[in-house]
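Novice: You'll find coords39.tsv just under this line, and it carries TSV, C-alpha atoms.
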chain	number	residue	atom	x	y	z
L	443	MET	CA	0.00	0.00	0.00
L	444	SER	CA	2.84	2.41	0.75
L	445	MET	CA	4.03	1.95	-2.85
L	446	GLY	CA	0.57	1.90	-4.41
L	447	LEU	CA	1.14	-1.50	-6.04
L	448	SER	CA	-1.88	-3.67	-6.83
L	449	LEU	CA	-2.41	-6.78	-4.70
L	450	TRP	CA	-3.67	-9.98	-6.36
L	451	GLY	CA	-5.40	-7.92	-9.03
L	452	TYR	CA	-7.05	-5.53	-6.58
L	453	GLU	CA	-6.45	-1.79	-6.87
L	454	VAL	CA	-4.56	-0.32	-3.92
L	455	ARG	CA	-4.82	3.31	-2.81
L	456	GLN	CA	-1.34	4.55	-1.98
L	457	GLY	CA	-0.74	6.08	1.42
L	458	THR	CA	1.36	5.96	4.56
L	459	VAL	CA	1.57	2.62	6.40
L	460	LEU	CA	2.61	1.98	9.99
L	461	TYR	CA	3.58	-1.57	10.97
L	462	LEU	CA	3.88	-2.31	14.69
L	463	ALA	CA	6.03	-5.45	14.56
L	464	LEU	CA	5.82	-6.11	18.29
L	465	GLU	CA	7.18	-9.67	18.16
L	466	ASP	CA	10.14	-8.77	15.94
L	467	ASN	CA	13.49	-7.03	16.10
L	468	HIS	CA	15.19	-4.63	13.70
L	469	ARG	CA	17.52	-7.25	12.23
L	470	ARG	CA	14.70	-9.59	11.20
L	471	LEU	CA	12.67	-6.72	9.79
L	472	GLN	CA	15.57	-5.47	7.68
L	473	GLU	CA	16.27	-8.96	6.36
L	474	ARG	CA	12.63	-9.53	5.36
L	475	LEU	CA	12.36	-6.13	3.71
L	476	TYR	CA	15.49	-6.76	1.66
L	477	ARG	CA	14.21	-10.14	0.48
L	478	MET	CA	10.78	-8.72	-0.34
L	479	PHE	CA	11.75	-5.47	-2.05
L	480	GLY	CA	15.51	-5.55	-2.63
L	481	VAL	CA	17.04	-2.09	-2.56
L	482	GLU	CA	13.75	-0.36	-3.42
L	483	SER	CA	12.43	1.81	-0.63
L	484	THR	CA	9.50	4.06	0.12
L	485	GLY	CA	9.37	7.12	2.33
L	486	ASN	CA	5.90	6.41	3.72
L	487	LEU	CA	6.40	2.97	5.28
L	488	PHE	CA	7.16	3.12	9.01
L	489	PHE	CA	8.02	0.40	11.53
L	490	ALA	CA	8.12	0.13	15.30
L	491	ILE	CA	9.05	-2.86	17.45
L	492	GLY	CA	7.59	-1.40	20.63
L	493	ALA	CA	4.35	0.33	21.59
L	494	LYS	CA	2.29	1.09	24.65
L	495	GLN	CA	-0.78	-0.92	25.60
L	496	LEU	CA	-4.45	-0.13	25.17
L	497	GLY	CA	-5.52	2.09	28.02
L	498	GLY	CA	-1.87	2.85	28.69
L	499	GLY	CA	-1.05	5.31	25.93
L	500	LEU	CA	-1.38	3.33	22.68
L	501	GLU	CA	-4.35	5.35	21.45
L	502	GLU	CA	-2.41	8.59	21.99
L	503	GLN	CA	0.60	7.16	20.11
L	504	LEU	CA	-1.55	6.19	17.13
L	505	LYS	CA	-3.39	9.53	17.10
L	506	GLY	CA	-0.05	11.34	17.18
L	507	PHE	CA	1.23	9.33	14.23
L	508	VAL	CA	-1.88	10.06	12.17
L	509	ARG	CA	-1.61	13.77	12.98
L	510	GLU	CA	1.97	13.79	11.69
L	511	HIS	CA	1.14	11.64	8.65
L	512	THR	CA	-2.26	12.81	7.44
L	513	ASP	CA	-2.26	10.42	4.46
L	514	THR	CA	-2.09	7.33	6.70
L	515	ARG	CA	-4.25	4.57	5.24
L	516	LEU	CA	-3.15	1.43	7.08
L	517	ILE	CA	-1.87	0.58	10.57
L	518	ILE	CA	-0.90	-3.03	11.31
L	519	ILE	CA	-0.70	-4.24	14.91
L	520	ASP	CA	1.25	-7.50	15.20
L	521	THR	CA	0.07	-8.91	17.56
L	522	LEU	CA	-3.10	-8.21	19.55
L	523	GLN	CA	-1.72	-9.91	22.65
L	524	LYS	CA	1.13	-7.39	22.83
L	525	ILE	CA	-1.17	-4.40	23.23
L	526	ARG	CA	-3.82	-5.87	25.54
L	527	GLU	CA	-4.22	-3.95	28.78
L	528	ALA	CA	-2.06	-5.31	31.57
L	529	GLY	CA	-4.07	-7.19	34.17
L	530	ALA	CA	-7.21	-7.27	32.02
L	531	GLU	CA	-9.47	-10.28	32.35
L	532	LYS	CA	-8.36	-12.60	29.57
L	533	TYR	CA	-10.62	-14.40	27.13
L	534	SER	CA	-13.99	-13.22	28.38
L	535	TYR	CA	-16.49	-12.14	25.72
L	536	ALA	CA	-16.88	-8.71	27.30
L	537	ASN	CA	-13.13	-8.07	27.42
L	538	ASP	CA	-12.51	-9.30	23.88
L	539	TYR	CA	-15.36	-7.16	22.58
L	540	GLU	CA	-14.13	-4.09	24.46
L	541	VAL	CA	-10.56	-4.45	23.18
L	542	ILE	CA	-11.62	-4.52	19.52
L	543	THR	CA	-14.24	-1.82	20.08
L	544	LYS	CA	-11.55	0.57	21.35
L	545	LEU	CA	-9.40	-0.11	18.29
L	546	LYS	CA	-12.35	0.19	15.93
L	547	ARG	CA	-13.36	3.51	17.48
L	548	PHE	CA	-9.91	4.89	16.72
L	549	ALA	CA	-10.04	3.53	13.15
L	550	ASP	CA	-13.50	4.98	12.51
L	551	ILE	CA	-12.63	8.42	13.85
L	552	SER	CA	-9.27	8.54	12.06
L	553	GLY	CA	-10.50	7.08	8.77
L	554	VAL	CA	-7.66	4.56	8.85
L	555	CYS	CA	-7.75	0.83	8.15
L	556	LEU	CA	-6.54	-1.02	11.25
L	557	LEU	CA	-5.31	-4.58	10.68
L	558	VAL	CA	-4.79	-6.53	13.91
L	559	VAL	CA	-2.84	-9.80	13.75
L	560	HIS	CA	-3.97	-12.51	16.15
L	561	HIS	CA	-3.32	-16.22	16.61
L	562	THR	CA	-5.60	-19.20	16.05
L	563	ARG	CA	-6.22	-22.25	18.18
L	564	LYS	CA	-4.88	-25.64	17.15
L	565	GLN	CA	-8.28	-27.31	17.57
L	566	GLN	CA	-10.31	-27.65	14.38
L	567	ALA	CA	-13.85	-26.24	14.16
L	568	ASP	CA	-16.81	-26.55	11.78
L	569	ASP	CA	-16.73	-22.78	11.30
L	570	LYS	CA	-13.11	-21.91	10.58
L	571	PHE	CA	-13.49	-18.48	12.18
L	572	ASP	CA	-14.24	-20.22	15.50
L	573	MET	CA	-10.54	-21.16	15.46
L	574	ILE	CA	-9.59	-17.56	16.27
L	575	SER	CA	-8.04	-17.63	19.73
L	576	GLY	CA	-10.32	-16.08	22.34
L	577	THR	CA	-14.07	-15.60	22.28
L	578	ASN	CA	-16.56	-14.55	19.61
L	579	GLY	CA	-16.29	-11.05	21.05
L	580	LEU	CA	-13.23	-10.40	18.86
L	581	LEU	CA	-15.01	-11.09	15.59
L	582	GLY	CA	-18.27	-9.62	16.86
L	583	ALA	CA	-16.73	-6.17	17.31
L	584	ALA	CA	-14.55	-6.19	14.18
L	585	ASP	CA	-15.71	-5.18	10.71
L	586	GLY	CA	-14.21	-8.33	9.23
L	587	ALA	CA	-11.61	-11.05	9.48
L	588	PHE	CA	-9.00	-12.83	7.38
L	589	LEU	CA	-8.04	-16.36	8.36
L	590	LEU	CA	-4.77	-17.68	6.90
L	591	GLN	CA	-4.22	-21.43	7.26
L	592	LYS	CA	-1.75	-24.05	6.10
L	593	GLU	CA	-2.33	-27.81	6.23
L	594	ARG	CA	1.16	-28.38	7.61
L	595	ARG	CA	3.66	-25.95	9.08
L	596	ALA	CA	6.22	-26.61	6.32
L	597	ASP	CA	3.73	-26.12	3.47
L	598	ASN	CA	4.20	-23.21	1.10
L	599	ALA	CA	0.50	-23.26	0.15
L	600	ALA	CA	-2.32	-21.78	2.23
L	601	THR	CA	-5.94	-20.69	2.10
L	602	LEU	CA	-7.13	-17.22	3.06
L	603	ASP	CA	-10.76	-17.11	4.18
L	604	ILE	CA	-12.37	-13.67	4.18
L	605	SER	CA	-15.54	-12.65	5.99
L	606	GLY	CA	-16.96	-9.27	6.95
L	607	ARG	CA	-19.89	-6.94	7.25
L	608	ASP	CA	-19.28	-4.97	4.07
L	609	GLN	CA	-17.62	-7.58	1.89
L	610	GLN	CA	-18.48	-10.82	0.18
L	611	ASP	CA	-17.26	-14.01	1.85
L	612	GLN	CA	-14.36	-15.43	-0.12
L	613	ARG	CA	-11.66	-18.07	-0.10
L	614	LEU	CA	-8.34	-17.44	-1.81
L	615	TYR	CA	-5.70	-20.08	-2.52
L	616	LEU	CA	-2.20	-18.72	-2.03
L	617	LYS	CA	1.35	-19.91	-2.62
L	618	ARG	CA	4.36	-18.55	-0.78
L	619	ASP	CA	7.33	-17.29	-2.75
L	620	GLU	CA	10.12	-18.67	-0.56
L	621	GLU	CA	12.71	-16.35	-2.06
L	622	ARG	CA	10.79	-13.09	-1.63
L	623	LEU	CA	8.69	-14.18	1.39
L	624	VAL	CA	5.41	-13.00	-0.14
L	625	TRP	CA	2.11	-14.77	-0.79
L	626	GLU	CA	1.07	-15.01	-4.44
L	627	LEU	CA	-2.51	-15.65	-5.55
L	628	GLU	CA	-3.06	-19.04	-7.18
L	629	ARG	CA	-6.85	-18.90	-7.62
L	630	ARG	CA	-10.12	-17.73	-6.10
L	631	GLU	CA	-12.83	-20.14	-5.04
L	632	THR	CA	-15.48	-17.60	-6.00
L	633	GLU	CA	-15.26	-14.40	-8.00
L	634	LEU	CA	-16.37	-11.20	-6.35
L	635	ARG	CA	-19.91	-10.19	-7.16
L	636	GLN	CA	-19.98	-6.98	-9.19
L	637	GLU	CA	-22.49	-4.48	-7.87
L	638	PRO	CA	-24.58	-2.66	-10.48
L	639	PRO	CA	-23.95	1.07	-10.96
L	640	ASP	CA	-25.53	3.27	-8.31
L	641	PRO	CA	-27.40	6.15	-9.99
L	642	VAL	CA	-26.82	8.44	-6.99
L	643	LEU	CA	-23.07	7.86	-7.03
L	644	GLU	CA	-23.03	8.24	-10.81
L	645	ALA	CA	-24.73	11.63	-10.41
L	646	VAL	CA	-22.21	12.70	-7.76
L	647	ALA	CA	-19.34	11.65	-10.04
L	648	ALA	CA	-20.80	13.81	-12.81
L	649	LEU	CA	-20.98	16.77	-10.42
L	650	VAL	CA	-17.51	16.49	-8.85
L	651	THR	CA	-14.97	16.42	-11.67
L	652	ALA	CA	-11.45	17.60	-12.45
L	653	GLU	CA	-12.97	20.90	-13.61
L	654	ARG	CA	-14.91	21.20	-10.34
L	655	PRO	CA	-13.00	19.11	-7.78
L	656	GLU	CA	-14.94	20.26	-4.71
L	657	TRP	CA	-18.57	20.83	-3.78
L	658	ARG	CA	-19.95	22.13	-0.47
L	659	GLY	CA	-23.49	22.67	0.69
L	660	THR	CA	-26.49	21.17	2.43
L	661	ALA	CA	-28.26	17.95	1.54
L	662	THR	CA	-31.14	20.02	0.15
L	663	GLU	CA	-28.76	21.93	-2.12
L	664	LEU	CA	-27.10	18.69	-3.21
L	665	VAL	CA	-30.44	17.14	-4.19
L	666	ALA	CA	-31.07	20.18	-6.39
L	667	ALA	CA	-27.55	20.13	-7.86
L	668	LEU	CA	-27.86	16.44	-8.73
L	669	GLY	CA	-31.40	16.78	-10.07
L	670	LEU	CA	-32.59	13.80	-8.04
L	671	ASP	CA	-36.15	13.01	-6.99
L	672	MET	CA	-35.44	12.08	-3.38
L	673	LYS	CA	-35.61	13.65	0.05
L	674	PRO	CA	-32.48	15.36	1.41
L	675	ASN	CA	-32.27	13.12	4.49
L	676	ALA	CA	-32.55	10.02	2.29
L	677	LEU	CA	-29.70	11.30	0.11
L	678	ALA	CA	-27.52	12.01	3.15
L	679	MET	CA	-28.19	8.53	4.53
L	680	ARG	CA	-27.42	6.95	1.14
L	681	LEU	CA	-24.08	8.76	0.94
L	682	ASN	CA	-23.20	7.85	4.53
L	683	VAL	CA	-23.71	4.17	3.74
L	684	ARG	CA	-22.02	4.28	0.32
L	685	ALA	CA	-19.11	6.60	1.20
L	686	TRP	CA	-16.63	3.72	0.92
L	687	ARG	CA	-17.81	2.91	-2.60
L	688	LEU	CA	-17.81	6.57	-3.62
L	689	SER	CA	-14.17	6.76	-2.58
L	690	TYR	CA	-13.06	3.39	-3.95
L	691	GLU	CA	-14.79	3.48	-7.34
L	692	TYR	CA	-15.08	7.19	-8.07
L	693	HIS	CA	-12.20	8.62	-5.99
L	694	ILE	CA	-14.50	11.15	-4.33
L	695	HIS	CA	-14.17	11.79	-0.60
L	696	TYR	CA	-17.42	12.40	1.28
L	697	GLU	CA	-17.62	14.37	4.54
L	698	SER	CA	-20.64	15.31	6.59
L	699	ALA	CA	-20.41	17.70	9.53
L	700	ARG	CA	-22.80	19.66	11.71
L	701	THR	CA	-22.32	23.43	11.70
L	702	HIS	CA	-24.18	26.34	13.33
L	703	ALA	CA	-26.27	26.57	10.16
L	704	GLY	CA	-27.11	22.86	10.13
L	705	ARG	CA	-25.53	19.77	8.59
L	706	SER	CA	-23.07	20.43	5.78
L	707	ILE	CA	-21.80	18.07	3.08
L	708	LYS	CA	-18.40	18.29	1.42
L	709	LEU	CA	-17.43	16.27	-1.67
L	710	THR	CA	-13.80	16.33	-2.79
L	711	LEU	CA	-12.16	14.70	-5.79
L	712	GLU	CA	-9.14	12.81	-4.48
L	713	GLU	CA	-5.81	13.55	-6.09
L	714	PRO	CA	-4.67	10.88	-8.57
L	715	GLN	CA	-1.75	8.73	-7.52
L	716	ALA	CA	1.61	9.50	-9.02
Could you rewrite the structure in this file as structure tokens?
Specialist:
Amino acid sequence: MSMGLSLWGYEVRQGTVLYLALEDNHRRLQERLYRMFGVESTGNLFFAIGAKQLGGGLEEQLKGFVREHTDTRLIIIDTLQKIREAGAEKYSYANDYEVITKLKRFADISGVCLLVVHHTRKQQADDKFDMISGTNGLLGAADGAFLLQKERRADNAATLDISGRDQQDQRLYLKRDEERLVWELERRETELRQEPPDPVLEAVAALVTAERPEWRGTATELVAALGLDMKPNALAMRLNVRAWRLSYEYHIHYESARTHAGRSIKLTLEEPQA
């Protein structure tokens, strides 16, 4: 993501990435980076091998990083166990749910994707996601989960099961490049379902263009500007729900804020990647 390279055929939006490699050291990180990327480097990929715990300063550290790097798109925490609050009750549903809820709150407010690495249990389960160590509170509070599994430890093939609230369930078959230490896509069990065009988003894309890269106003004014036959509150709700798609497919950033004059909407055409 820091280099803007596509992943397994999926478009990637370039931005700053922070990787908290809390079970690693600098030597191992440098060796892996060299094998993965050679001498190529990027100025917006940051690493740390230490961090504070939840409730003990981690949130402030992450907020500070995002303030300094306003284009941050992804923060990876490896692993969850390293940032759990000291002395917290372990493996209760309430505690697991609270831990992920705190992280999700930060991600939602910051507009950053937060990827938390966690371990699985050795016991098999009918539902593979029940193999995630801990209780269902972890998955219940998260927006989604990726489960990477190998049949045997020495295998260089694995499956990646994907499940989430806003994404289609999928299974990907991967093969590890032992030289570069990266997972390559072999095949997909199912192809992603293509959603039909959304007429509201199409209308917004026709309004916010390179010639007019920003629009501000109320929902009532936006209904008039788009020429739509719908109520302003219905339009605002539609854009709130589809903001991710508006950004991903049309590269338009949607913001909604309450001002002294009422609720205001801002639509901004995102700058193209270099």
Novice: Record the distance separating CA of Lys617 (chain L) and CA of Ser605 (chain L), expressed in Å with one decimal.
Specialist: 20.3 Å
Novice: Go through L:Gly606, L:Leu449, L:Leu623, L:Gly553 one by one, measure the shortest atom-to-atom distance of each to His695 (chain L) using all atoms listed in the file, and give the residue with the smallest value.
Specialist: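 Comparing L:Gly606, L:Leu449, L:Leu623, L:Gly553 against His695 (chain L), the winner is L:Gly553.
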Novice: Quick one: distance from CA of Phe588 (chain L) to CA of Ser575 (chain L) in Å, one decimal?
Specialist: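 Interatomic distance here is 13.3 Å.
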Novice: Looking at all atoms listed in the file, which of L:Val642, L:Ile518, L:Leu556, L:Ile491 is the one that sits closest to Ala678 (chain L)?
Specialist: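 The closest residue to Ala678 (chain L) is L:Val642.
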Novice: Would you list the residues near (4.8, -0.8, 21.8), meaning any protein, DNA or RNA residue with an atom at most 10 Å from that point in file coordinates, counting all atoms listed in the file, as a list of chain:residue names?
Specialist: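 Residues lying no farther than 10 Å from the given point: L:Leu462, L:Ala463, L:Leu464, L:Glu465, L:Ala490, L:Ile491, L:Gly492, L:Ala493, L:Lys494, L:Gln495, L:Leu496, L:Gly499, L:Leu500, L:Gln503, L:Ile519, L:Lys524, L:Ile525.
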Novice: For those residues, write C-alpha atoms to a file as an mmCIF file, keeping the file's coordinate frame.
Specialist:
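Output below, filename again-v2.cif:
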data_model
loop_
_atom_site.group_PDB
_atom_site.id
_atom_site.type_symbol
_atom_site.label_atom_id
_atom_site.label_comp_id
_atom_site.auth_asym_id
_atom_site.auth_seq_id
_atom_site.Cartn_x
_atom_site.Cartn_y
_atom_site.Cartn_z
ATOM 1 C CA LEU L 462 3.880 -2.310 14.690
ATOM 2 C CA ALA L 463 6.030 -5.450 14.560
ATOM 3 C CA LEU L 464 5.820 -6.110 18.290
ATOM 4 C CA GLU L 465 7.180 -9.670 18.160
ATOM 5 C CA ALA L 490 8.120 0.130 15.300
ATOM 6 C CA ILE L 491 9.050 -2.860 17.450
ATOM 7 C CA GLY L 492 7.590 -1.400 20.630
ATOM 8 C CA ALA L 493 4.350 0.330 21.590
ATOM 9 C CA LYS L 494 2.290 1.090 24.650
ATOM 10 C CA GLN L 495 -0.780 -0.920 25.600
ATOM 11 C CA LEU L 496 -4.450 -0.130 25.170
ATOM 12 C CA GLY L 499 -1.050 5.310 25.930
ATOM 13 C CA LEU L 500 -1.380 3.330 22.680
ATOM 14 C CA GLN L 503 0.600 7.160 20.110
ATOM 15 C CA ILE L 519 -0.700 -4.240 14.910
ATOM 16 C CA LYS L 524 1.130 -7.390 22.830
ATOM 17 C CA ILE L 525 -1.170 -4.400 23.230
#
Novice: Set the distance at 10 Å and use only C-alpha atoms: which residues neighbour Ser552 (chain L) once local chain neighbours fewer than 3 positions away are removed? I'd like the list as a list in words.
Specialist: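 Contacts, in chain order: Leu504, Lys505, Val508, Arg509, Thr512, Thr514, Arg515, Lys546, Arg547, Phe548, Ala549, Cys555 and Leu556 of chain L.
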Novice: Quick one: residues within 10 Å of Thr562 (chain L), only C-alpha atoms counted, chain neighbours fewer than 6 positions away excluded, as JSON, numbers by chain?
Specialist: {"L": [570, 571, 572, 573, 574, 575, 576, 589, 590, 591]}
Novice: When you count all atoms listed in the file, which of these residues is closest to Asp538 (chain L): L:Leu580, L:Ile551, L:Ala652, L:Ile517?
Specialist: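 Ranked by minimum distance to Asp538 (chain L), first place goes to L:Leu580.
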Novice: Near Arg705 (chain L), within 12 Å and counting all atoms listed in the file, which residues show up once chain neighbours fewer than 4 positions away are dropped, as JSON, numbers by chain?
Specialist: {"L": [658, 659, 660, 661, 662, 663, 664, 674, 675, 678, 697, 698, 699, 700, 701]}
Novice: Pick out the residues sitting within 10 Å of region 625-631 of chain L, and hand them over as a PyMOL selection string; count only C-alpha atoms, and ignore anything fewer than 5 positions along from it in its own chain.
Specialist: chain L and resi 449-451+598-603+612-620
Novice: I'd like the contact shell of Met443 (chain L) - 9 Å cut-off, all atoms listed in the file, skipping same-chain residues fewer than 3 positions apart - returned as a PyMOL selection string.
Specialist: chain L and resi 446-449+454-459+487+515-516
Novice: What's the separation between CA of Arg684 (chain L) and CA of Tyr696 (chain L), in Å to one decimal place?
Specialist: 9.4 Å
Novice: For a quick check of understanding, using all atoms listed in the file, which of L:Glu621, L:Lys564, L:Asp608, L:Ala666 has the smallest distance to Lys592 (chain L)?
Specialist: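 Ranking L:Glu621, L:Lys564, L:Asp608, L:Ala666 by distance to Lys592 (chain L), first place goes to L:Lys564.
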Novice: Taking the point (-25.7, 7.6, -5.9) as given in the file, collect each protein or nucleic acid residue that comes within 10 Å of it, counting only C-alpha atoms, and present the set as number ranges by chain.
Specialist: L: 639-647, 668, 670, 677, 680-681, 684-685, 687-688
Novice: Using all atoms listed in the file for the distances, tell me which of L:Pro655, L:Gly506, L:Gly579, L:Gly485 is nearest to Ser534 (chain L).
Specialist: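 Of all the options, L:Gly579 lies closest to Ser534 (chain L).
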Novice: Using all atoms listed in the file, which of L:Arg526, L:Lys544, L:Arg622, L:Lys708 sits nearest His560 (chain L)?
Specialist: L:Arg526
